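*Asks:* The following file, input11.txt, comprises compact mmCIF, C-alpha atoms:
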# COMPACT_ATOMS: atom_id res chain seq x y z
CA MET I 1118 93.15 96.96 109.98
CA ALA I 1119 94.69 96.60 106.52
CA LEU I 1120 98.30 97.62 105.87
CA HIS I 1121 98.65 101.33 105.11
CA LYS I 1122 99.72 101.85 101.49
CA PRO I 1123 100.30 105.55 100.81
CA TYR I 1124 102.13 104.62 97.60
CA ALA I 1125 99.03 103.25 95.85
CA ASP I 1126 98.46 106.59 94.08
CA VAL I 1127 101.91 107.09 92.55
CA PRO I 1128 101.39 106.93 88.75
CA GLY I 1129 103.22 104.43 86.57
CA THR I 1130 104.69 102.80 89.68
CA THR I 1131 104.18 99.49 91.48
CA ILE I 1132 105.83 99.27 94.89
CA PHE I 1133 107.19 95.79 95.62
CA ASP I 1134 105.63 95.23 99.03
CA ALA I 1135 104.74 92.01 100.88
CA GLU I 1136 101.59 91.48 98.78
CA GLN I 1137 103.48 91.79 95.48
CA SER I 1138 106.27 89.63 96.89
CA ARG I 1139 103.81 86.87 97.84
CA LYS I 1140 102.15 87.05 94.43
CA GLY I 1141 105.44 87.01 92.58
CA TYR I 1142 107.52 84.65 94.73
CA TRP I 1143 107.97 81.92 92.10
CA LEU I 1144 108.19 84.33 89.18
CA ASN I 1145 111.06 86.10 90.95
CA GLN I 1146 112.75 82.88 92.02
CA PHE I 1147 112.50 81.61 88.40
CA CYS I 1148 114.31 84.81 87.38
CA MET I 1149 116.95 84.16 90.06
CA SER I 1150 117.63 80.71 88.55
CA LEU I 1151 118.83 82.47 85.37
CA MET I 1152 121.94 83.61 87.25
CA LYS I 1153 123.44 80.17 86.47
CA ALA I 1154 124.87 79.77 82.97
CA ASP I 1155 123.51 76.27 82.39
CA ASN I 1156 120.00 77.38 83.38
CA ARG I 1157 120.25 80.29 80.94
CA ALA I 1158 121.21 77.83 78.20
CA ARG I 1159 118.30 75.48 79.02
CA PHE I 1160 115.83 78.37 79.15
CA LYS I 1161 117.00 79.76 75.80
CA ALA I 1162 116.72 76.29 74.24
CA ASP I 1163 113.07 75.80 75.28
CA GLU I 1164 111.46 78.58 77.30
CA ARG I 1165 108.04 76.96 77.77
CA THR I 1166 109.48 73.70 79.11
CA TYR I 1167 111.78 75.57 81.50
CA LEU I 1168 108.90 77.74 82.77
CA ASP I 1169 106.71 74.66 83.30
CA GLU I 1170 109.26 73.45 85.88
CA TRP I 1171 108.15 76.32 88.15
CA PRO I 1172 104.90 76.70 90.16
CA MET I 1173 104.14 79.99 88.38
CA SER I 1174 100.68 81.02 87.19
CA GLU I 1175 99.88 80.86 83.47
CA GLU I 1176 99.61 84.65 83.49
CA GLN I 1177 103.17 84.92 84.87
CA LYS I 1178 104.48 82.49 82.25
CA GLN I 1179 102.76 84.41 79.43
CA ALA I 1180 104.16 87.68 80.76
CA VAL I 1181 107.68 86.19 80.61
CA LEU I 1182 107.19 84.56 77.19
CA THR I 1183 105.94 87.84 75.69
CA ARG I 1184 108.68 89.80 77.52
CA ASP I 1185 106.04 92.28 78.69
CA LEU I 1186 107.80 93.64 81.77
CA ASN I 1187 104.84 95.76 82.89
CA ARG I 1188 102.74 92.60 82.80
CA CYS I 1189 105.46 90.78 84.78
CA ILE I 1190 105.43 93.52 87.42
CA ALA I 1191 101.64 93.43 87.69
CA ALA I 1192 101.99 89.66 88.26
CA GLY I 1193 104.37 90.27 91.19
CA GLY I 1194 107.72 90.60 89.45
CA ASN I 1195 110.43 92.81 90.94
CA ILE I 1196 112.70 94.69 88.53
CA TYR I 1197 115.97 93.45 90.07
CA PHE I 1198 114.82 89.86 89.45
CA LEU I 1199 113.30 90.59 86.03
CA ALA I 1200 116.70 92.07 85.13
CA LYS I 1201 118.05 88.48 85.00
CA ILE I 1202 115.72 87.86 82.01
CA GLY I 1203 117.14 91.00 80.45
CA ALA I 1204 120.70 89.82 81.04
CA THR I 1205 119.81 86.42 79.50
CA ASP I 1206 118.51 88.26 76.42
CA GLY I 1207 121.58 90.53 76.33
CA LYS I 1208 119.59 93.68 77.11
CA SER I 1209 120.84 96.59 79.21
CA PHE I 1210 119.00 98.07 82.17
CA GLN I 1211 118.27 101.10 80.01
CA GLN I 1212 116.61 98.91 77.37
CA MET I 1213 114.56 97.13 80.04
CA ALA I 1214 113.41 100.33 81.73
CA GLY I 1215 112.63 101.93 78.37
CA SER I 1216 110.45 98.98 77.26
CA MET I 1217 108.01 99.72 80.08
CA THR I 1218 107.35 103.25 78.86
CA GLY I 1219 106.17 102.42 75.35
CA MET I 1220 109.15 104.33 73.94
CA THR I 1221 111.77 103.00 71.56
CA GLU I 1222 115.26 102.58 73.01
CA GLU I 1223 116.38 105.74 71.20
CA GLU I 1224 113.41 107.80 72.46
CA TYR I 1225 114.08 106.67 76.04
CA ARG I 1226 117.83 107.32 75.80
CA ASP I 1227 117.17 110.79 74.35
CA MET I 1228 114.81 111.54 77.24
CA MET I 1229 117.53 110.56 79.73
CA VAL I 1230 120.18 112.65 77.97
CA ARG I 1231 117.80 115.64 78.05
CA GLY I 1232 117.65 115.35 81.85
CA GLY I 1233 115.25 112.44 82.42
CA ARG I 1234 111.53 112.32 83.08
CA SER I 1235 110.15 115.31 84.96
CA VAL I 1236 108.27 114.78 88.19
CA GLU I 1237 105.75 117.51 87.24
CA GLY I 1238 102.31 115.97 86.75
CA ASN I 1239 103.75 112.59 87.74
CA ARG I 1240 103.48 112.65 91.52
CA VAL I 1241 99.85 111.57 92.02
CA ILE I 1242 97.39 109.59 89.88
CA GLY I 1243 95.01 112.01 88.18
CA GLU I 1244 97.55 114.67 87.26
CA GLY I 1245 98.53 115.22 83.61
CA GLY I 1246 102.14 113.97 83.38
CA ASP I 1247 103.57 111.54 80.84
CA ALA I 1248 103.63 108.62 83.28
CA GLN I 1249 99.85 108.79 83.84
CA ALA I 1250 97.67 105.95 82.51
CA HIS I 1251 95.86 108.11 79.95
CA ARG I 1252 99.20 109.19 78.40
CA GLN I 1253 100.37 105.65 77.48
CA PRO I 1254 102.12 104.60 75.31
CA GLN I 1255 104.70 107.39 75.40
CA GLY I 1256 106.39 106.68 72.10
CA HIS I 1257 106.78 104.29 69.22
CA GLY I 1258 108.14 101.25 71.04
CA LYS I 1259 106.67 97.77 71.17
CA GLY I 1260 106.23 97.80 74.96
CA MET I 1261 108.09 94.48 75.08
CA LEU I 1262 111.69 93.66 75.79
CA MET S 538 141.40 103.84 119.21
CA ALA S 539 139.91 103.57 115.73
CA ARG S 540 138.35 106.75 114.38
CA ILE S 541 136.12 107.79 111.51
CA THR S 542 138.04 110.26 109.37
CA ALA S 543 135.45 110.93 106.68
CA SER S 544 132.26 109.78 104.99
CA VAL S 545 131.96 109.35 101.22
CA TYR S 546 128.71 109.21 99.28
CA THR S 547 128.20 108.00 95.73
CA SER S 548 125.81 106.47 93.26
CA HIS S 549 126.60 102.84 92.31
CA VAL S 550 125.02 102.59 88.84
CA PRO S 551 125.93 99.28 87.12
CA ALA S 552 126.39 101.04 83.76
CA ILE S 553 129.24 103.03 85.32
CA GLY S 554 130.99 99.74 86.10
CA ALA S 555 130.34 98.50 82.57
CA ALA S 556 131.74 101.72 81.08
CA LEU S 557 134.92 101.37 83.16
CA ASP S 558 135.33 97.68 82.41
CA LEU S 559 134.75 98.13 78.66
CA GLY S 560 137.10 101.10 78.34
CA LYS S 561 134.41 103.71 77.55
CA THR S 562 135.44 106.34 80.10
CA GLN S 563 136.75 108.72 77.44
CA GLU S 564 133.48 108.83 75.49
CA PRO S 565 131.89 112.29 75.87
CA TYR S 566 128.78 110.86 77.59
CA TRP S 567 130.91 109.07 80.19
CA GLN S 568 133.53 111.78 80.58
CA LYS S 569 130.81 113.96 82.09
CA VAL S 570 130.37 111.32 84.83
CA PHE S 571 133.96 110.27 85.46
CA SER S 572 135.32 113.84 85.54
CA GLY S 573 133.32 114.28 88.77
CA TYR S 574 135.38 111.56 90.45
CA GLU S 575 138.89 112.79 89.57
CA PHE S 576 139.05 114.83 92.77
CA GLY S 577 137.86 111.87 94.85
CA LYS S 578 140.54 109.55 93.43
CA ARG S 579 143.28 112.08 94.29
CA TRP S 580 141.73 112.71 97.70
CA MET S 581 141.65 108.95 98.39
CA ARG S 582 145.37 108.65 97.70
CA GLU S 583 146.04 111.52 100.15
CA HIS S 584 143.56 110.30 102.77
CA ARG S 585 143.99 106.53 102.46
CA PRO S 586 141.81 104.75 105.04
CA ASP S 587 142.73 101.43 106.68
CA VAL S 588 139.13 100.24 106.44
CA VAL S 589 136.02 101.33 104.53
CA PHE S 590 132.70 100.48 106.16
CA LEU S 591 130.70 100.36 102.92
CA VAL S 592 126.91 100.70 103.11
CA TYR S 593 125.20 99.49 99.93
CA ASN S 594 122.36 97.28 98.75
CA ASP S 595 122.46 93.89 97.10
CA HIS S 596 120.38 93.81 93.89
CA ALA S 597 118.95 90.26 94.01
CA THR S 598 122.48 88.88 93.68
CA SER S 599 123.42 87.28 96.99
CA PHE S 600 119.96 87.55 98.49
CA SER S 601 116.90 86.22 96.67
CA LEU S 602 113.40 86.28 98.16
CA GLU S 603 114.39 83.26 100.27
CA ILE S 604 116.05 85.48 102.87
CA ILE S 605 115.61 89.27 103.10
CA PRO S 606 117.82 90.70 105.85
CA THR S 607 117.16 94.34 106.73
CA PHE S 608 120.77 95.02 107.75
CA ALA S 609 123.50 92.47 106.93
CA ILE S 610 127.09 92.96 108.13
CA GLY S 611 129.84 91.02 106.36
CA THR S 612 132.25 89.61 108.94
CA ALA S 613 134.18 87.33 106.55
CA ALA S 614 137.87 87.59 105.66
CA GLU S 615 137.06 88.05 101.99
CA PHE S 616 134.17 88.46 99.59
CA ALA S 617 134.06 87.32 95.96
CA VAL S 618 132.96 89.64 93.16
CA ALA S 619 129.51 88.49 91.97
CA ASP S 620 128.53 87.27 88.52
CA GLU S 621 125.39 89.30 87.81
CA GLY S 622 124.73 87.56 84.47
CA TRP S 623 127.63 89.07 82.50
CA GLY S 624 130.48 87.24 84.31
CA PRO S 625 132.03 88.80 87.43
CA ARG S 626 133.34 92.35 86.96
CA PRO S 627 137.10 92.23 86.31
CA VAL S 628 137.94 93.82 89.66
CA PRO S 629 139.85 92.47 92.68
CA LYS S 630 138.15 90.41 95.36
CA VAL S 631 137.27 92.32 98.50
CA ILE S 632 139.36 91.76 101.62
CA GLY S 633 137.29 92.18 104.77
CA HIS S 634 138.22 93.05 108.34
CA PRO S 635 136.70 90.26 110.42
CA GLU S 636 137.91 91.62 113.77
CA LEU S 637 136.53 95.14 113.35
CA ALA S 638 133.35 93.86 111.67
CA SER S 639 132.63 91.48 114.58
CA HIS S 640 133.39 94.23 117.07
CA ILE S 641 130.93 96.53 115.30
CA ALA S 642 128.29 93.77 115.09
CA GLN S 643 128.53 93.01 118.81
CA SER S 644 128.47 96.66 119.85
CA VAL S 645 125.58 97.62 117.57
CA ILE S 646 123.45 94.57 118.46
CA GLN S 647 124.10 95.31 122.14
CA ASP S 648 122.87 98.84 121.36
CA ASP S 649 119.53 97.30 120.27
CA PHE S 650 119.93 97.26 116.49
CA ASP S 651 119.08 93.90 114.95
CA LEU S 652 121.81 93.00 112.48
CA THR S 653 122.12 89.84 110.41
CA ILE S 654 125.66 88.47 110.51
CA VAL S 655 126.92 87.15 107.18
CA ASN S 656 130.06 85.12 106.65
CA LYS S 657 129.57 84.31 103.00
CA MET S 658 128.24 86.65 100.35
CA ASP S 659 129.33 87.75 96.92
CA VAL S 660 129.38 91.50 96.44
CA ASP S 661 127.65 93.06 93.45
CA HIS S 662 127.91 96.39 91.63
CA GLY S 663 126.34 98.17 94.61
CA LEU S 664 129.65 97.67 96.41
CA THR S 665 132.22 97.29 93.63
CA VAL S 666 131.24 100.30 91.49
CA PRO S 667 131.92 102.77 94.36
CA LEU S 668 135.29 101.07 94.93
CA SER S 669 136.11 101.42 91.22
CA LEU S 670 135.01 105.07 91.17
CA LEU S 671 137.16 106.07 94.14
CA PHE S 672 140.16 103.75 93.63
CA GLY S 673 140.27 103.38 89.84
CA GLN S 674 141.42 100.22 88.07
CA THR S 675 143.82 98.36 90.34
CA ASP S 676 145.17 94.85 91.02
CA ALA S 677 144.17 95.01 94.66
CA TRP S 678 141.88 97.33 96.62
CA PRO S 679 144.16 99.54 98.75
CA CYS S 680 142.26 98.96 101.99
CA GLN S 681 140.05 96.49 103.78
CA VAL S 682 136.29 96.73 103.29
CA ILE S 683 133.42 95.78 105.60
CA PRO S 684 130.32 95.25 103.41
CA PHE S 685 127.08 96.38 105.02
CA ALA S 686 124.06 95.42 102.91
CA VAL S 687 120.67 97.09 103.47
CA ASN S 688 117.38 95.71 102.13
CA VAL S 689 115.92 98.08 99.59
CA VAL S 690 114.33 95.35 97.45
CA GLN S 691 111.14 94.62 99.37
CA TYR S 692 109.11 97.42 100.91
CA PRO S 693 109.35 98.67 103.56
CA VAL S 694 113.05 99.49 103.59
CA PRO S 695 114.35 100.75 106.95
CA SER S 696 113.30 104.31 107.71
CA GLY S 697 115.60 107.31 107.40
CA ARG S 698 115.26 107.72 111.16
CA ARG S 699 116.44 104.15 111.77
CA CYS S 700 119.32 104.48 109.32
CA PHE S 701 120.49 107.72 110.92
CA ALA S 702 120.36 106.23 114.46
CA LEU S 703 122.20 103.14 113.22
CA GLY S 704 124.95 105.39 111.88
CA GLN S 705 125.36 106.94 115.32
CA SER S 706 125.63 103.48 116.88
CA ILE S 707 128.21 102.40 114.27
CA ARG S 708 130.34 105.45 115.15
CA LYS S 709 130.33 104.51 118.84
CA ALA S 710 131.29 100.96 117.91
CA ILE S 711 134.22 102.04 115.72
CA GLU S 712 135.50 104.52 118.32
CA SER S 713 135.58 101.78 120.98
CA TYR S 714 137.85 99.52 118.87
CA ASP S 715 141.36 99.40 120.34
CA GLU S 716 143.54 99.52 117.23
CA PRO S 717 144.19 103.08 115.90
CA LEU S 718 142.61 102.40 112.50
CA LYS S 719 141.53 105.18 110.12
CA VAL S 720 138.03 104.25 109.03
CA GLN S 721 135.75 105.83 106.45
CA VAL S 722 132.01 105.15 106.25
CA TRP S 723 130.58 105.18 102.73
CA GLY S 724 126.90 105.54 101.82
CA THR S 725 126.00 104.44 98.29
CA GLY S 726 123.06 104.20 95.91
CA GLY S 727 120.73 106.77 94.36
CA MET S 728 120.29 109.48 93.49
CA SER S 729 116.78 109.95 92.01
CA HIS S 730 115.83 107.17 89.61
CA GLN S 731 113.01 104.81 88.71
CA LEU S 732 113.72 101.57 86.85
CA GLN S 733 110.19 100.23 86.48
CA GLY S 734 106.80 100.96 84.98
CA PRO S 735 105.65 103.82 82.78
CA ARG S 736 107.34 106.26 85.18
CA ALA S 737 110.78 104.73 84.44
CA GLY S 738 113.40 107.40 83.83
CA LEU S 739 112.21 109.76 86.56
CA ILE S 740 114.88 112.29 87.61
CA ASN S 741 114.37 115.09 90.14
CA LYS S 742 117.39 117.41 90.12
CA ASP S 743 115.83 119.92 92.55
CA TRP S 744 114.90 117.30 95.15
CA ASP S 745 118.29 115.61 94.82
CA ASN S 746 120.18 118.84 95.39
CA ARG S 747 117.96 119.77 98.36
CA PHE S 748 118.73 116.27 99.70
CA LEU S 749 122.46 116.99 99.40
CA ASP S 750 122.03 120.41 101.08
CA ARG S 751 120.09 118.90 103.98
CA LEU S 752 122.38 115.87 104.30
CA ILE S 753 125.27 118.28 104.87
CA ALA S 754 123.55 120.88 107.07
CA ASP S 755 120.62 119.21 108.86
CA PRO S 756 120.69 115.42 108.55
CA ALA S 757 118.62 114.84 111.71
CA ALA S 758 115.68 116.64 110.07
CA LEU S 759 116.31 114.89 106.74
CA ALA S 760 116.13 111.58 108.61
CA GLN S 761 112.47 112.30 109.43
CA VAL S 762 111.42 112.41 105.75
CA PRO S 763 108.98 109.52 105.16
CA HIS S 764 109.48 106.87 102.44
CA ILE S 765 106.50 108.09 100.44
CA GLU S 766 108.27 111.37 99.77
CA TYR S 767 111.34 109.57 98.41
CA VAL S 768 109.10 107.39 96.18
CA ARG S 769 106.94 110.24 94.89
CA GLU S 770 109.74 112.75 94.34
CA ALA S 771 112.84 110.65 93.62
CA GLY S 772 111.39 107.51 92.05
CA SER S 773 110.66 104.04 93.41
CA GLU S 774 114.39 103.21 93.31
CA GLY S 775 115.33 106.62 94.77
CA ILE S 776 114.48 105.05 98.15
CA GLU S 777 118.12 103.83 98.16
CA LEU S 778 119.07 107.30 99.41
CA VAL S 779 118.07 106.35 102.98
CA MET S 780 121.37 104.44 103.08
CA TRP S 781 123.30 107.73 102.87
CA LEU S 782 121.86 108.57 106.31
CA ILE S 783 123.76 105.65 107.86
CA ALA S 784 127.06 107.19 106.76
CA ARG S 785 125.96 110.70 107.76
CA GLY S 786 124.77 109.57 111.18
CA ALA S 787 128.26 108.21 111.84
CA MET S 788 129.98 111.60 111.48
CA SER S 789 131.39 113.37 114.56
CA ASP S 790 129.03 116.35 114.53
CA MET S 791 126.11 113.99 115.18
CA ALA S 792 127.78 113.23 118.52
CA GLY S 793 128.52 116.83 119.45
CA GLY S 794 131.65 117.40 117.39
CA ALA S 795 132.36 120.12 114.83
CA PRO S 796 130.49 120.19 111.49
CA PRO S 797 132.31 118.35 108.70
CA LYS S 798 134.28 120.02 105.94
CA VAL S 799 132.66 119.52 102.52
CA ALA S 800 135.70 118.40 100.54
CA HIS S 801 133.76 117.72 97.32
CA ARG S 802 130.26 117.80 95.89
CA PHE S 803 129.26 116.60 92.40
CA TYR S 804 125.94 116.03 90.60
CA HIS S 805 125.26 114.98 87.01
CA VAL S 806 122.39 113.60 84.94
CA PRO S 807 122.40 110.95 83.47
CA ALA S 808 124.34 107.76 84.01
CA SER S 809 121.99 105.33 82.26
CA ASN S 810 118.68 105.72 84.18
CA THR S 811 120.08 107.51 87.21
CA ALA S 812 121.12 110.90 88.61
CA VAL S 813 124.70 110.70 89.83
CA GLY S 814 125.52 112.29 93.17
CA HIS S 815 128.86 112.28 95.02
CA LEU S 816 129.94 113.93 98.24
CA ILE S 817 133.00 113.78 100.49
CA LEU S 818 132.71 115.01 104.10
CA GLU S 819 135.79 115.17 106.32
CA ASN S 820 135.60 114.98 110.10
Take the structure from the file and write it as structure tokens.
*Replies:*
Amino acid sequence: MALHKPYADVPGTTIFDAEQSRKGYWLNQFCMSLMKADNRARFKADERTYLDEWPMSEEQKQAVLTRDLNRCIAAGGNIYFLAKIGATDGKSFQQMAGSMTGMTEEEYRDMMVRGGRSVEGNRVIGEGGDAQAHRQPQGHGKGML
Amino acid sequence: MARITASVYTSHVPAIGAALDLGKTQEPYWQKVFSGYEFGKRWMREHRPDVVFLVYNDHATSFSLEIIPTFAIGTAAEFAVADEGWGPRPVPKVIGHPELASHIAQSVIQDDFDLTIVNKMDVDHGLTVPLSLLFGQTDAWPCQVIPFAVNVVQYPVPSGRRCFALGQSIRKAIESYDEPLKVQVWGTGGMSHQLQGPRAGLINKDWDNRFLDRLIADPAALAQVPHIEYVREAGSEGIELVMWLIARGAMSDMAGGAPPKVAHRFYHVPASNTAVGHLILEN
């Protein structure tokens, strides 16, 4: 019997379970390596060479190089690990989270100041809320960090 | 004998720490957050504990995917403040209580809860931001702290039911410790938030406030709420709120005592991506 995954139908959301963790093990561990200052310096000097030191898939490396965090998550990345890439780039958590919504930083910040994203229409895939697939992108952002 | 005098609950948003450290607390945006903690800081001075048993989660700081402990109790004499990529926060190192922590570990493991014992771990914003919120900027934390880290990084996190029962076991452990220490149990993290995907920025004020109502009045029933409800209603990262049930389970009324006094309750949106919640319950 397969593992029960009741969270598979939450829109705009990827739960970091054992399957995602297996898929993303080296992507996440690469991110972890950026907690050391000298690794950050080496990565910034030549990202491709640094990435090639890790047994990551080409898709994972491209996701990192393009700073497409949604693509990183689909490839098994976990946001707390991906946040180390953000810190290396000097980006805040708000900038990182906003980049995954297709909004600009200002649009995302304004949404938060207005009370955040509503849960209405965003609980189950197939509803009409702004986190649903057919409503993307949500603003004028690049979708990249 | 040691006793639990109160439980304290608070969000541990990293941006709150950054605002404090960079001197932004007087900005209008941040004043709306920090004003909610003025009472708590005064209350802390009047109700100074000897030890805080601080329940929090590590955010891929001390634990990578190499080791993922469900419940990790810090039994060391001290814990360094972590460098999360911006240099360590300019806050004091954390002084532990190895004797009480080991006593709790032994008692709780004997009570059939499987804890991981940790003697070396740096503590990240999950632990230090609550300390900053309740104790302000200081040269030394005014009490000893036992860090208790819960896995909320890889699904499944422990259930609300398990967290609540663990809290009850922790209370028994503390009350069987010989020294007459005043101990507080803190539950941190939350409230509703989602940091990933197109649904990033999710906030659910109604669900959060119902959570606070139920945490106060009927935590045993709240402990039965399944993870999927937290995820759907409060965001993928809102799952952190199960940790509050550890602190609540440790209060006297969950062992037949009188209901706690609600000394303070505060809620505000936003602090960066997150809904800020804060509660103080006195035994």
*Asks:* For region 606-619 of chain S, please output as a PyMOL selection string all residues within 9 Å (counting all atoms listed in the file; exclusion window: fewer than 3 positions along the same chain).
*Replies:* chain S and resi 598-600+622+624-639+641-642+651-662+665+682-689+694-695
*Asks:* Hey, can you check how far CA of Gln1211 (chain I) sits from CA of Asp743 (chain S)?
*Replies:*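 Going from CA of Gln1211 (chain I) over to CA of Asp743 (chain S), I get 22.7 Å.
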*Asks:* Skip region 1202-1208 of chain I itself and residues of its chain fewer than 4 positions away, then list as a ChimeraX atom specification all residues within 10 Å of it, counting all atoms listed in the file.
*Replies:* /I:1147-1152,1154,1156-1158,1160-1161,1181,1184,1186,1196-1198,1212-1213,1262 /S:621-623
*Asks:* Mind listing as number ranges by chain which residues of chain S are within 9 Å of chain I, counting all atoms listed in the file?
*Replies:* S: 551-552, 566, 596-598, 601-603, 620-623, 690-693, 730-742, 765, 768-773, 806-812
*Asks:* Could you work out how far CA of Arg1159 (chain I) lies from CA of Leu1144 (chain I), giving the answer in Å with one decimal?
*Replies:* 16.8 Å
*Asks:* Please indicate the distance in Å from CA of Gln568 (chain S) to CA of Met581 (chain S), rounded to one decimal place.
*Replies:*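 About the pair CA of Gln568 (chain S) and CA of Met581 (chain S): they are 19.8 Å apart.
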*Asks:* Tell me which of S:Gln761, S:Ile753, S:Gln647, S:Glu766 sits closest to Lys798 (chain S), counting only C-alpha atoms.
*Replies:*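 Once distances to Lys798 (chain S) are computed over only C-alpha atoms, the minimum belongs to S:Ile753.
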*Asks:* What lies within 9 Å of Tyr574 (chain S) using all atoms listed in the file, ignoring chain neighbours under 5 positions off, as a VMD selection string?
*Replies:* chain S and resid 579 670 to 671 803 815
*Asks:* Output the selection as a JSON list (two decimals), in the coordinates of the input - C-alpha atoms for each residue.
*Replies:*
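Writing done, so here's selection.json:
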[["chain", "number", "residue", "atom", "x", "y", "z"],
["S", 579, "ARG", "CA", 143.28, 112.08, 94.29],
["S", 670, "LEU", "CA", 135.01, 105.07, 91.17],
["S", 671, "LEU", "CA", 137.16, 106.07, 94.14],
["S", 803, "PHE", "CA", 129.26, 116.60, 92.40],
["S", 815, "HIS", "CA", 128.86, 112.28, 95.02]]
